[in-house]
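One file, upload_37.cif, carrying mmCIF, C-alpha atoms:
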```
data_final
#
loop_
_atom_site.label_atom_id
_atom_site.label_comp_id
_atom_site.auth_asym_id
_atom_site.auth_seq_id
_atom_site.Cartn_x
_atom_site.Cartn_y
_atom_site.Cartn_z
CA MET V 9 50.57 83.48 28.38
CA ARG V 10 49.62 86.27 26.04
CA ILE V 11 51.72 89.43 25.74
CA GLU V 12 50.53 92.74 24.32
CA ILE V 13 52.90 95.66 23.99
CA GLN V 14 51.13 99.02 24.21
CA HIS V 15 52.23 102.64 23.77
CA ARG V 16 55.08 101.84 21.42
CA PRO V 17 57.67 103.00 20.65
CA SER V 18 58.33 105.80 23.14
CA TYR V 19 56.64 104.66 26.32
CA ALA V 20 56.09 100.96 25.79
CA VAL V 21 54.37 98.86 28.46
CA ALA V 22 54.04 95.07 28.25
CA ASP V 23 50.66 93.72 29.33
CA VAL V 24 51.24 90.10 30.29
CA HIS V 25 48.05 88.03 30.48
CA LEU V 26 48.54 84.95 32.62
CA GLY V 27 46.44 81.79 32.80
CA ASP V 28 45.78 79.98 36.08
CA GLY V 29 49.08 79.06 37.69
CA GLU V 30 51.17 80.78 35.00
CA ALA V 31 54.01 83.06 36.04
CA VAL V 32 56.35 85.67 34.61
CA ILE V 33 59.68 86.75 36.07
CA SER V 34 60.64 90.40 35.78
CA GLU V 35 63.32 92.86 36.58
CA GLY V 36 62.76 94.55 39.99
CA GLY V 37 60.71 97.73 39.88
CA ALA V 38 59.15 96.97 36.51
CA MET V 39 55.57 96.35 37.70
CA VAL V 40 53.17 99.16 36.81
CA CYS V 41 49.86 97.54 37.71
CA MET V 42 48.32 94.09 38.06
CA SER V 43 45.11 92.27 38.87
CA THR V 44 44.57 91.36 42.53
CA ASN V 45 44.76 87.61 41.94
CA VAL V 46 48.43 87.88 41.01
CA SER V 47 50.90 87.14 43.79
CA VAL V 48 54.46 88.41 43.91
CA GLU V 49 57.42 86.47 45.14
CA THR V 50 60.82 88.14 45.28
CA SER V 51 63.81 85.91 44.99
CA THR V 52 67.16 85.33 43.37
CA PHE V 53 65.53 83.19 40.69
CA SER V 54 67.38 82.00 37.75
CA ARG V 55 64.95 79.45 36.44
CA GLY V 56 61.39 78.75 37.43
CA GLY V 57 61.30 78.49 41.19
CA GLY V 58 64.98 77.68 41.48
CA GLY V 59 67.72 80.22 41.69
CA GLY V 60 70.90 80.83 43.41
CA LEU V 61 72.88 83.44 45.20
CA LEU V 62 75.73 83.12 42.76
CA LYS V 63 73.53 83.87 39.78
CA ALA V 64 71.94 86.76 41.62
CA ALA V 65 75.34 88.18 42.50
CA LYS V 66 76.41 87.90 38.89
CA ARG V 67 73.22 89.66 37.85
CA LEU V 68 74.14 92.52 40.12
CA LEU V 69 77.37 92.84 38.18
CA ALA V 70 75.38 92.96 34.95
CA GLY V 71 73.69 96.15 36.10
CA GLU V 72 70.52 94.26 36.83
CA ASN V 73 68.85 93.80 40.16
CA PHE V 74 69.97 91.20 42.63
CA PHE V 75 66.38 90.21 43.10
CA LEU V 76 63.84 89.36 40.47
CA ASN V 77 60.10 89.32 40.95
CA LYS V 78 57.94 86.35 40.05
CA PHE V 79 54.30 87.16 39.34
CA THR V 80 51.99 84.14 39.56
CA ALA V 81 48.28 84.24 38.73
CA SER V 82 45.63 82.15 40.45
CA GLY V 83 42.88 82.13 37.86
CA ASP V 84 43.19 84.42 34.83
CA GLY V 85 45.16 87.54 35.67
CA HIS V 86 47.46 90.13 34.24
CA VAL V 87 50.47 92.20 35.12
CA SER V 88 51.77 95.26 33.25
CA LEU V 89 55.53 95.77 33.11
CA ALA V 90 57.55 98.82 32.06
CA PRO V 91 61.29 99.49 31.86
CA THR V 92 62.95 102.34 33.77
CA LEU V 93 63.90 104.39 30.74
CA ILE V 94 61.59 105.65 28.02
CA GLY V 95 61.65 103.54 24.89
CA ASP V 96 60.37 100.38 23.31
CA ILE V 97 59.96 96.73 24.31
CA GLU V 98 60.63 93.78 22.02
CA HIS V 99 59.02 90.37 22.46
CA ILE V 100 61.42 87.56 21.53
CA GLN V 101 60.21 83.95 21.43
CA LEU V 102 62.75 81.26 22.22
CA ASP V 103 62.06 77.76 20.95
CA GLY V 104 64.81 75.91 22.81
CA GLY V 105 67.18 76.30 19.85
CA LYS V 106 69.47 79.30 19.66
CA ALA V 107 70.20 81.14 22.90
CA VAL V 108 69.83 84.92 22.98
CA ILE V 109 72.48 87.12 24.58
CA VAL V 110 70.94 90.23 26.16
CA GLN V 111 72.90 93.38 26.98
CA GLY V 112 72.92 93.73 30.78
CA SER V 113 70.44 96.55 31.26
CA SER V 114 68.07 95.48 28.44
CA PHE V 115 66.45 92.53 30.25
CA LEU V 116 62.86 93.26 31.26
CA ALA V 117 61.09 89.94 31.83
CA GLY V 118 60.80 86.31 30.82
CA SER V 119 58.52 83.33 31.21
CA THR V 120 59.46 80.60 33.69
CA GLY V 121 60.75 78.19 31.06
CA LEU V 122 63.75 80.40 30.42
CA ASP V 123 67.11 80.10 32.08
CA LEU V 124 68.99 83.34 32.73
CA ASP V 125 72.70 83.18 33.18
CA THR V 126 74.97 86.17 33.54
CA GLN V 127 78.14 85.97 31.55
CA PHE V 128 81.31 87.95 31.68
CA ALA V 129 81.71 89.45 28.23
CA GLY V 130 85.34 90.32 28.89
CA PHE V 131 87.12 93.17 27.26
CA LYS V 132 84.87 93.19 24.24
CA GLY V 133 82.02 93.97 26.62
CA LEU V 134 84.00 96.80 28.13
CA PHE V 135 84.82 98.27 24.74
CA SER V 136 81.31 97.77 23.46
CA GLY V 137 80.19 100.74 25.56
CA GLU V 138 77.73 98.42 27.22
CA ASN V 139 77.97 96.41 30.34
CA ILE V 140 80.82 93.98 30.68
CA PHE V 141 78.28 91.44 31.85
CA TRP V 142 75.61 90.09 29.55
CA ILE V 143 72.71 87.76 30.20
CA LYS V 144 72.53 84.51 28.27
CA VAL V 145 68.93 83.38 27.90
CA THR V 146 68.26 79.75 26.99
CA GLY V 147 65.24 77.48 27.04
CA THR V 148 61.73 77.79 25.63
CA GLY V 149 59.43 80.70 26.28
CA ASP V 150 58.83 84.42 26.00
CA LEU V 151 61.53 87.00 26.56
CA LEU V 152 60.95 90.76 26.84
CA VAL V 153 63.84 93.14 26.28
CA ASN V 154 63.73 96.93 26.44
CA SER V 155 65.51 99.66 24.51
CA PHE V 156 66.26 103.33 25.00
CA GLY V 157 64.37 104.67 22.00
CA GLY V 158 63.07 102.45 19.23
CA VAL V 159 64.22 98.88 18.75
CA PHE V 160 64.98 97.46 15.31
CA SER V 161 66.47 94.20 14.14
CA VAL V 162 68.70 93.06 11.30
CA ASP V 163 69.15 89.49 10.08
CA VAL V 164 72.91 89.41 9.85
CA ASP V 165 74.42 87.09 7.31
CA GLY V 166 78.11 87.80 7.03
CA GLU V 167 79.12 91.06 8.67
CA TYR V 168 77.42 94.06 10.23
CA VAL V 169 78.68 97.05 12.20
CA VAL V 170 76.94 98.59 15.25
CA ASP V 171 78.05 101.63 17.19
CA THR V 172 78.88 101.05 20.84
CA GLY V 173 75.95 101.60 23.16
CA HIS V 174 73.32 100.47 20.65
CA ILE V 175 73.29 96.67 21.10
CA VAL V 176 70.16 95.26 22.77
CA ALA V 177 70.45 91.51 22.12
CA TYR V 178 71.71 88.99 19.60
CA GLU V 179 71.40 85.31 18.80
CA GLU V 180 74.34 83.27 19.98
CA SER V 181 75.10 82.20 16.41
CA LEU V 182 76.58 85.68 16.02
CA GLU V 183 79.68 87.01 17.63
CA PHE V 184 81.21 90.43 17.73
CA LYS V 185 84.54 92.15 18.19
CA PRO V 186 85.19 95.78 18.98
CA GLN V 187 87.18 97.55 16.30
CA LYS V 188 88.03 101.03 15.05
CA VAL V 189 85.37 102.67 12.90
CA GLY V 190 87.86 103.45 10.12
CA GLY V 191 91.35 104.87 9.93
CA TRP V 192 92.95 106.49 12.98
CA LYS V 193 91.73 109.96 12.02
CA ALA V 194 88.14 108.80 11.72
CA THR V 195 88.43 106.77 14.91
CA LEU V 196 89.72 109.68 16.96
CA LEU V 197 87.77 112.56 15.45
CA SER V 198 84.56 111.21 13.93
CA GLY V 199 82.74 111.00 17.23
CA GLU V 200 82.16 107.33 16.44
CA GLY V 201 85.37 105.86 17.86
CA LEU V 202 85.02 102.15 18.45
CA VAL V 203 82.28 100.09 16.88
CA CYS V 204 81.24 96.45 17.25
CA LYS V 205 81.67 94.25 14.21
CA PHE V 206 79.32 91.29 14.17
CA THR V 207 80.00 88.16 12.14
CA GLY V 208 77.97 85.02 11.56
CA LYS V 209 74.34 84.38 10.75
CA GLY V 210 71.54 85.34 13.10
CA LYS V 211 69.27 88.07 14.41
CA LEU V 212 70.61 91.23 16.01
CA TRP V 213 68.42 93.73 17.91
CA MET V 214 69.56 97.35 18.27
CA GLN V 215 68.27 100.51 19.92
CA THR V 216 67.97 103.79 18.03
CA HIS V 217 69.41 105.86 20.87
CA ASN V 218 72.21 105.60 23.37
CA ALA V 219 71.16 106.21 26.98
CA PRO V 220 74.62 106.96 28.42
CA GLY V 221 75.23 109.23 25.43
CA PHE V 222 72.10 111.25 26.16
CA GLY V 223 72.99 111.25 29.86
CA GLN V 224 76.41 112.71 29.11
CA PHE V 225 74.86 115.33 26.82
CA LEU V 226 72.53 116.44 29.62
CA GLY V 227 75.17 116.00 32.32
CA ALA V 228 77.48 118.46 30.57
CA LYS V 229 74.77 121.11 30.88
CA LEU V 230 74.13 120.50 34.58
CA PRO V 231 76.06 122.21 37.39
CA PRO V 232 78.96 120.15 38.81
CA ARG V 233 78.22 117.98 41.80
CA GLU V 234 79.55 119.55 44.98
CA ARG V 235 81.70 117.43 47.21
CA MET Y 22 69.72 106.31 -2.59
CA LYS Y 23 66.63 105.45 -0.60
CA HIS Y 24 65.84 106.63 2.87
CA GLU Y 25 63.23 106.11 5.57
CA ILE Y 26 62.62 107.90 8.85
CA LYS Y 27 61.49 105.37 11.45
CA HIS Y 28 60.53 105.34 15.14
CA GLY Y 29 59.37 108.98 15.05
CA PRO Y 30 58.38 111.31 16.48
CA SER Y 31 60.02 110.59 19.84
CA PHE Y 32 63.02 108.53 18.80
CA ALA Y 33 63.32 109.06 15.08
CA SER Y 34 66.21 107.42 13.29
CA LEU Y 35 67.24 107.74 9.67
CA HIS Y 36 67.73 104.53 7.67
CA VAL Y 37 69.57 105.11 4.40
CA GLU Y 38 70.20 102.60 1.62
CA LEU Y 39 73.13 103.82 -0.47
CA ASP Y 40 73.83 102.68 -4.00
CA LYS Y 41 77.32 102.38 -5.36
CA GLY Y 42 78.82 105.86 -5.61
CA ASP Y 43 76.35 107.48 -3.17
CA GLU Y 44 77.66 109.54 -0.27
CA VAL Y 45 76.06 110.88 2.89
CA ARG Y 46 77.58 113.53 5.13
CA THR Y 47 76.62 113.30 8.79
CA GLU Y 48 76.89 115.04 12.10
CA ALA Y 49 79.70 113.42 14.14
CA GLY Y 50 78.63 110.67 16.49
CA SER Y 51 75.26 110.06 14.84
CA MET Y 52 76.00 106.64 13.33
CA VAL Y 53 74.10 103.79 15.00
CA ALA Y 54 74.78 100.89 12.66
CA MET Y 55 75.96 100.24 9.12
CA SER Y 56 76.92 97.53 6.66
CA SER Y 57 80.52 96.47 7.02
CA ASN Y 58 81.56 97.78 3.57
CA MET Y 59 81.00 101.41 4.55
CA ASP Y 60 83.95 103.76 4.20
CA ILE Y 61 84.13 106.72 6.58
CA GLN Y 62 85.98 109.98 5.93
CA THR Y 63 86.27 112.51 8.76
CA LYS Y 64 86.79 116.14 7.78
CA VAL Y 65 86.47 119.64 9.13
CA TYR Y 66 83.69 121.28 7.20
CA GLY Y 67 84.69 124.74 5.96
CA SER Y 68 87.56 126.54 7.68
CA PHE Y 69 88.71 125.28 11.05
CA LEU Y 70 87.97 128.66 12.64
CA LYS Y 71 84.40 128.65 11.40
CA ALA Y 72 83.99 125.06 12.53
CA LEU Y 73 85.31 126.05 15.95
CA ILE Y 74 82.83 128.93 16.15
CA ARG Y 75 80.05 126.53 15.16
CA LYS Y 76 81.20 124.19 17.91
CA LEU Y 77 81.46 126.84 20.60
CA LEU Y 78 78.31 128.75 19.80
CA GLY Y 79 76.09 126.28 18.06
CA GLY Y 80 77.03 123.09 19.81
CA GLU Y 81 77.65 121.54 16.42
CA SER Y 82 80.64 119.22 16.04
CA ILE Y 83 83.86 120.47 14.42
CA PHE Y 84 84.20 117.32 12.37
CA GLN Y 85 81.72 115.77 10.02
CA ASN Y 86 81.78 112.30 8.53
CA THR Y 87 81.14 111.26 4.97
CA TYR Y 88 80.00 107.67 4.43
CA SER Y 89 80.23 105.86 1.13
CA PRO Y 90 79.86 102.13 0.40
CA LYS Y 91 82.81 100.25 -1.02
CA GLY Y 92 82.03 97.94 -3.92
CA GLU Y 93 78.27 97.28 -3.85
CA GLY Y 94 75.62 99.37 -2.12
CA GLY Y 95 75.39 99.61 1.64
CA SER Y 96 73.14 100.65 4.49
CA LEU Y 97 73.52 103.24 7.23
CA VAL Y 98 71.41 104.01 10.33
CA LEU Y 99 71.71 107.44 11.97
CA SER Y 100 70.18 108.85 15.15
CA PRO Y 101 70.57 112.35 16.59
CA SER Y 102 72.10 112.62 20.06
CA VAL Y 103 68.84 113.90 21.54
CA PRO Y 104 65.57 111.99 21.22
CA GLY Y 105 63.14 113.60 18.80
CA GLN Y 106 61.87 113.88 15.24
CA ILE Y 107 63.75 114.05 11.94
CA VAL Y 108 62.56 115.97 8.85
CA HIS Y 109 63.72 115.33 5.28
CA TYR Y 110 64.03 118.51 3.18
CA PRO Y 111 65.12 118.09 -0.44
CA LEU Y 112 66.88 121.13 -1.88
CA SER Y 113 67.05 122.00 -5.57
CA GLY Y 114 69.31 124.99 -5.82
CA SER Y 115 67.38 126.51 -2.94
CA SER Y 116 68.39 127.10 0.67
CA VAL Y 117 67.02 126.68 4.17
CA VAL Y 118 68.20 128.05 7.50
CA LEU Y 119 68.78 125.64 10.41
CA GLN Y 120 69.29 126.24 14.07
CA ALA Y 121 72.93 125.05 14.33
CA SER Y 122 72.43 121.87 16.36
CA ALA Y 123 69.58 120.75 14.08
CA PHE Y 124 71.83 119.43 11.30
CA LEU Y 125 71.81 115.62 11.08
CA ALA Y 126 72.87 114.68 7.56
CA SER Y 127 72.94 115.79 3.93
CA SER Y 128 74.19 114.96 0.48
CA PRO Y 129 77.81 116.11 0.25
CA GLN Y 130 76.83 118.66 -2.44
CA ILE Y 131 74.92 120.74 0.10
CA ALA Y 132 77.02 123.68 1.32
CA LEU Y 133 76.67 124.70 4.96
CA LYS Y 134 77.35 128.30 5.90
CA THR Y 135 77.44 129.64 9.42
CA LYS Y 136 75.13 132.54 10.14
CA TYR Y 137 75.08 134.67 13.20
CA GLY Y 138 71.68 135.04 14.80
CA GLY Y 139 72.45 138.53 16.06
CA LEU Y 140 73.36 139.90 19.43
CA LYS Y 141 69.77 139.89 20.54
CA SER Y 142 69.51 136.18 20.03
CA MET Y 143 72.51 135.72 22.31
CA MET Y 144 70.78 137.82 24.95
CA SER Y 145 67.79 135.57 24.68
CA GLY Y 146 69.81 132.91 26.46
CA GLU Y 147 69.30 130.37 23.74
CA GLY Y 148 72.58 131.05 21.94
CA LEU Y 149 70.81 131.13 18.63
CA PHE Y 150 73.32 130.34 15.98
CA LEU Y 151 72.26 129.47 12.47
CA LEU Y 152 73.44 127.36 9.56
CA GLU Y 153 72.42 128.02 6.01
CA ALA Y 154 72.14 124.86 3.90
CA LYS Y 155 72.25 125.53 0.18
CA GLY Y 156 72.56 123.50 -3.00
CA THR Y 157 70.89 120.53 -4.64
CA GLY Y 158 70.39 117.29 -2.80
CA ASP Y 159 68.95 115.86 0.41
CA LEU Y 160 69.02 117.44 3.84
CA TRP Y 161 67.84 115.93 7.11
CA PHE Y 162 67.43 117.94 10.27
CA ASN Y 163 66.39 116.94 13.77
CA ALA Y 164 64.99 118.43 16.96
CA TYR Y 165 64.28 117.58 20.58
CA GLY Y 166 60.66 116.42 20.69
CA ASN Y 167 58.36 116.51 17.69
CA ILE Y 168 58.74 118.93 14.78
CA VAL Y 169 55.76 121.05 13.75
CA GLU Y 170 55.66 122.66 10.31
CA ILE Y 171 54.01 126.07 10.09
CA GLU Y 172 53.23 127.99 6.90
CA VAL Y 173 53.87 131.61 7.77
CA ASP Y 174 52.38 134.35 5.64
CA GLY Y 175 52.70 137.64 7.44
CA GLU Y 176 53.81 137.49 11.05
CA TYR Y 177 54.27 134.72 13.58
CA VAL Y 178 55.79 134.54 17.07
CA VAL Y 179 57.91 131.63 18.35
CA ASP Y 180 59.77 131.18 21.60
CA THR Y 181 63.46 131.42 20.65
CA GLY Y 182 64.31 128.01 22.12
CA HIS Y 183 61.77 126.29 19.85
CA ILE Y 184 63.13 127.38 16.44
CA VAL Y 185 64.40 124.45 14.35
CA ALA Y 186 64.48 125.72 10.76
CA PHE Y 187 62.91 128.20 8.36
CA GLU Y 188 62.85 129.01 4.68
CA PRO Y 189 64.81 132.06 3.51
CA GLY Y 190 61.59 133.92 2.67
CA LEU Y 191 61.28 134.49 6.40
CA ASN Y 192 63.15 136.87 8.65
CA PHE Y 193 62.94 137.27 12.37
CA LYS Y 194 63.73 139.70 15.11
CA VAL Y 195 64.16 138.85 18.75
CA LYS Y 196 61.72 140.84 20.90
CA LYS Y 197 60.44 140.92 24.40
CA ILE Y 198 57.21 138.99 24.63
CA GLY Y 199 55.19 141.92 25.94
CA GLY Y 200 55.54 144.51 28.63
CA LEU Y 201 58.23 144.37 31.28
CA LYS Y 202 56.02 142.41 33.63
CA SER Y 203 55.22 139.59 31.25
CA THR Y 204 58.79 139.53 29.94
CA LEU Y 205 60.12 138.92 33.42
CA LEU Y 206 57.33 136.84 34.91
CA SER Y 207 55.65 134.95 32.10
CA GLY Y 208 58.43 132.38 31.84
CA GLU Y 209 58.69 133.22 28.15
CA GLY Y 210 61.29 136.00 28.13
CA PHE Y 211 62.40 136.66 24.58
CA VAL Y 212 60.57 135.49 21.51
CA ALA Y 213 61.33 135.50 17.80
CA ARG Y 214 58.92 137.55 15.73
CA PHE Y 215 58.97 136.17 12.18
CA ASN Y 216 57.72 137.97 9.13
CA GLY Y 217 57.59 137.14 5.44
CA LYS Y 218 56.31 134.07 3.62
CA GLY Y 219 57.64 130.55 3.95
CA LYS Y 220 57.76 127.40 6.05
CA LEU Y 221 58.87 127.44 9.65
CA TRP Y 222 59.65 124.34 11.70
CA ILE Y 223 59.47 124.42 15.47
CA GLN Y 224 60.24 121.78 18.10
CA SER Y 225 57.65 120.73 20.68
CA ARG Y 226 60.17 120.67 23.58
CA THR Y 227 63.47 122.33 24.47
CA VAL Y 228 66.56 120.75 26.00
CA GLY Y 229 67.04 123.91 28.08
CA SER Y 230 63.75 123.35 29.91
CA LEU Y 231 64.63 119.72 30.64
CA VAL Y 232 68.04 120.75 31.97
CA SER Y 233 66.64 123.40 34.29
CA TRP Y 234 64.00 120.97 35.56
CA LEU Y 235 66.71 118.39 36.28
CA GLU Y 236 68.91 121.01 37.92
CA GLY Y 237 66.21 121.67 40.47
CA LEU Y 238 66.10 118.00 41.39
CA LEU Y 239 69.82 117.50 41.92
CA PRO Y 240 71.07 117.10 45.48
CA HIS Y 241 72.96 120.04 46.95
#
```
Any chance you could put this one into structure tokens?
Amino acid sequence: MRIEIQHRPSYAVADVHLGDGEAVISEGGAMVCMSTNVSVETSTFSRGGGGGLLKAAKRLLAGENFFLNKFTASGDGHVSLAPTLIGDIEHIQLDGGKAVIVQGSSFLAGSTGLDLDTQFAGFKGLFSGENIFWIKVTGTGDLLVNSFGGVFSVDVDGEYVVDTGHIVAYEESLEFKPQKVGGWKATLLSGEGLVCKFTGKGKLWMQTHNAPGFGQFLGAKLPPRER
Amino acid sequence: MKHEIKHGPSFASLHVELDKGDEVRTEAGSMVAMSSNMDIQTKVYGSFLKALIRKLLGGESIFQNTYSPKGEGGSLVLSPSVPGQIVHYPLSGSSVVLQASAFLASSPQIALKTKYGGLKSMMSGEGLFLLEAKGTGDLWFNAYGNIVEIEVDGEYVVDTGHIVAFEPGLNFKVKKIGGLKSTLLSGEGFVARFNGKGKLWIQSRTVGSLVSWLEGLLPH
């Protein structure tokens, strides 16, 4: 499998080149175009050809689709994938070591050697301004995550602070807790409110912009919905 | 202090490395990420009344935050609330005029003064409200879409919704674009006619146009 990401950072599309018999599993609705020798199978996959209703139901809770699509090539083929929102795509390679935790709506696609498991992030998820369900990705293979805006990473060693709504993914060797941005005055009036404080050693991916934040900014300018 | 503007023009973010003793003042809500030793002070800039006017008319926040690292240096990442470009404009005792919502960050030594764009600018439907940034230090401003820099020498016409910033050597008046017919039917309405000599920055898109496009698509 060879992955090329084009049109970065604003309108990124991932061109996935598949060898004979190779497959990629993507979020529903992500396919832009593909060669005719690629077949699509829609299922509740979690790993390879397997899957399960429970995992699919949990995925639904994570803000993802119940169904995922598996694109399999017979002969050399390709499929192009794009996220719903404008922004970038990051290619993360997993070597079977550290798992990567992906914020619910940031999962775009993965190769078949990966296992996707939705996890309840609890209250910290709720306060993180993200989904309360996150996807834990383990195994060996290629993972594609998407961001609203640009994506950038920091190798955290010790502590690092991220505003809510900007987490894309992080290695499981890190953990975070929601906390106040500063004193009570700053927390209530700064417009920053709660932030996520990461601790540990590992890679953290963030997005430059906050989709719900932009949505609320636009929403405030739109006429109220009539009932 | 070092800074870099990344991910532009569509989703520009400002990455600042602060040394010990450095401070950056920012628009509220613009912080994306930072090192854990960063201290944040939230203050009303200028008088509360003026800040309130800025908020109501310019859409600018009442409160601004000042970040400074505790102990060693620290890092700070900022993004504007709307996707678009960021421009760095260093000031050395000089000034520049910003459309009020264009302010992203500055050195704390830069003074911000509210300026009224005139009754005509209100009539233009854009609610043009201006901020004058003056002093010595760094200033960063942002826009929706890309930012285009234009050297004006003489006269230049810009749609009022596209003004981001201009140097004080320039003045503008809000005018109808042409005759009554084109004013009403051209989709342009009022424009700003600049004259003088200096730099003018305009944005390639307007939030207002996006909002009215979305409005038309909403269910009734």
Could you please tell me, as a VMD selection string, which residues of chain Y have an atom within 7 Å of chain V when using all atoms listed in the file?
-> chain Y and resid 28 31 to 32 34 49 to 50 52 to 57 61 to 63 84 to 86 100 102 to 103 232 236 241
Write out as a PyMOL selection string which residues come within 10 Å of Val37 in chain Y when counting all atoms listed in the file, dropping same-chain ones fewer than 3 positions away.
-> chain Y and resi 22-26+34+40+45+55+95-99
Contacts of range 112-129 of chain Y within 9 Å, all atoms listed in the file, excl. fewer than 2 positions in-chain, as JSON, numbers by chain | {"Y": [43, 44, 45, 46, 47, 48, 49, 51, 75, 78, 79, 80, 81, 82, 87, 99, 100, 101, 107, 110, 131, 132, 135, 136, 149, 150, 151, 152, 153, 154, 155, 156, 157, 158, 159, 160, 161, 162, 163, 164, 165, 184, 185, 186, 187, 188, 189]}
Please write as a PyMOL selection string the full residue list that the PyMOL selection byres ((chain V and resi 21-32) around 9) yields on this file.
-> chain V and resi 9-16+19-20+33-34+40+46+56+77-91+96-97+99+117-120+152
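CA of Leu221 in chain Y is found 14.3 Å from CA of Lys194 in chain Y.
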Measure the distance from CA of Phe141 in chain V to CA of Asn58 in chain Y in Å and round it to one decimal.
-> 29.2 Å
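Among the candidate residues Y:Lys41, Y:His109, Y:Lys197, Y:Lys134, the one lying nearest to Trp222 in chain Y is Y:His109, with distances computed using all atoms listed in the file.
For the atom pair formed by CA of Gly200 in chain Y and CA of Gly182 in chain Y, the distance is 19.8 Å, given to one decimal.
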For Lys188 in chain V, the closest of Y:Gly219, Y:Lys196, Y:Glu176, Y:Asp60 counting all atoms listed in the file is Y:Asp60
List, as a VMD selection string, every residue that the PyMOL selection byres ((chain V and resi 143) around 9) selects in the file provided.
-> chain V and resid 67 70 108 to 112 115 124 to 128 141 to 142 144 to 145
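Proximity of V:Glu49, V:Glu183, V:Asp150, V:Asp163 to Asp123 in chain V, computed with all atoms listed in the file, is greatest for V:Asp150.
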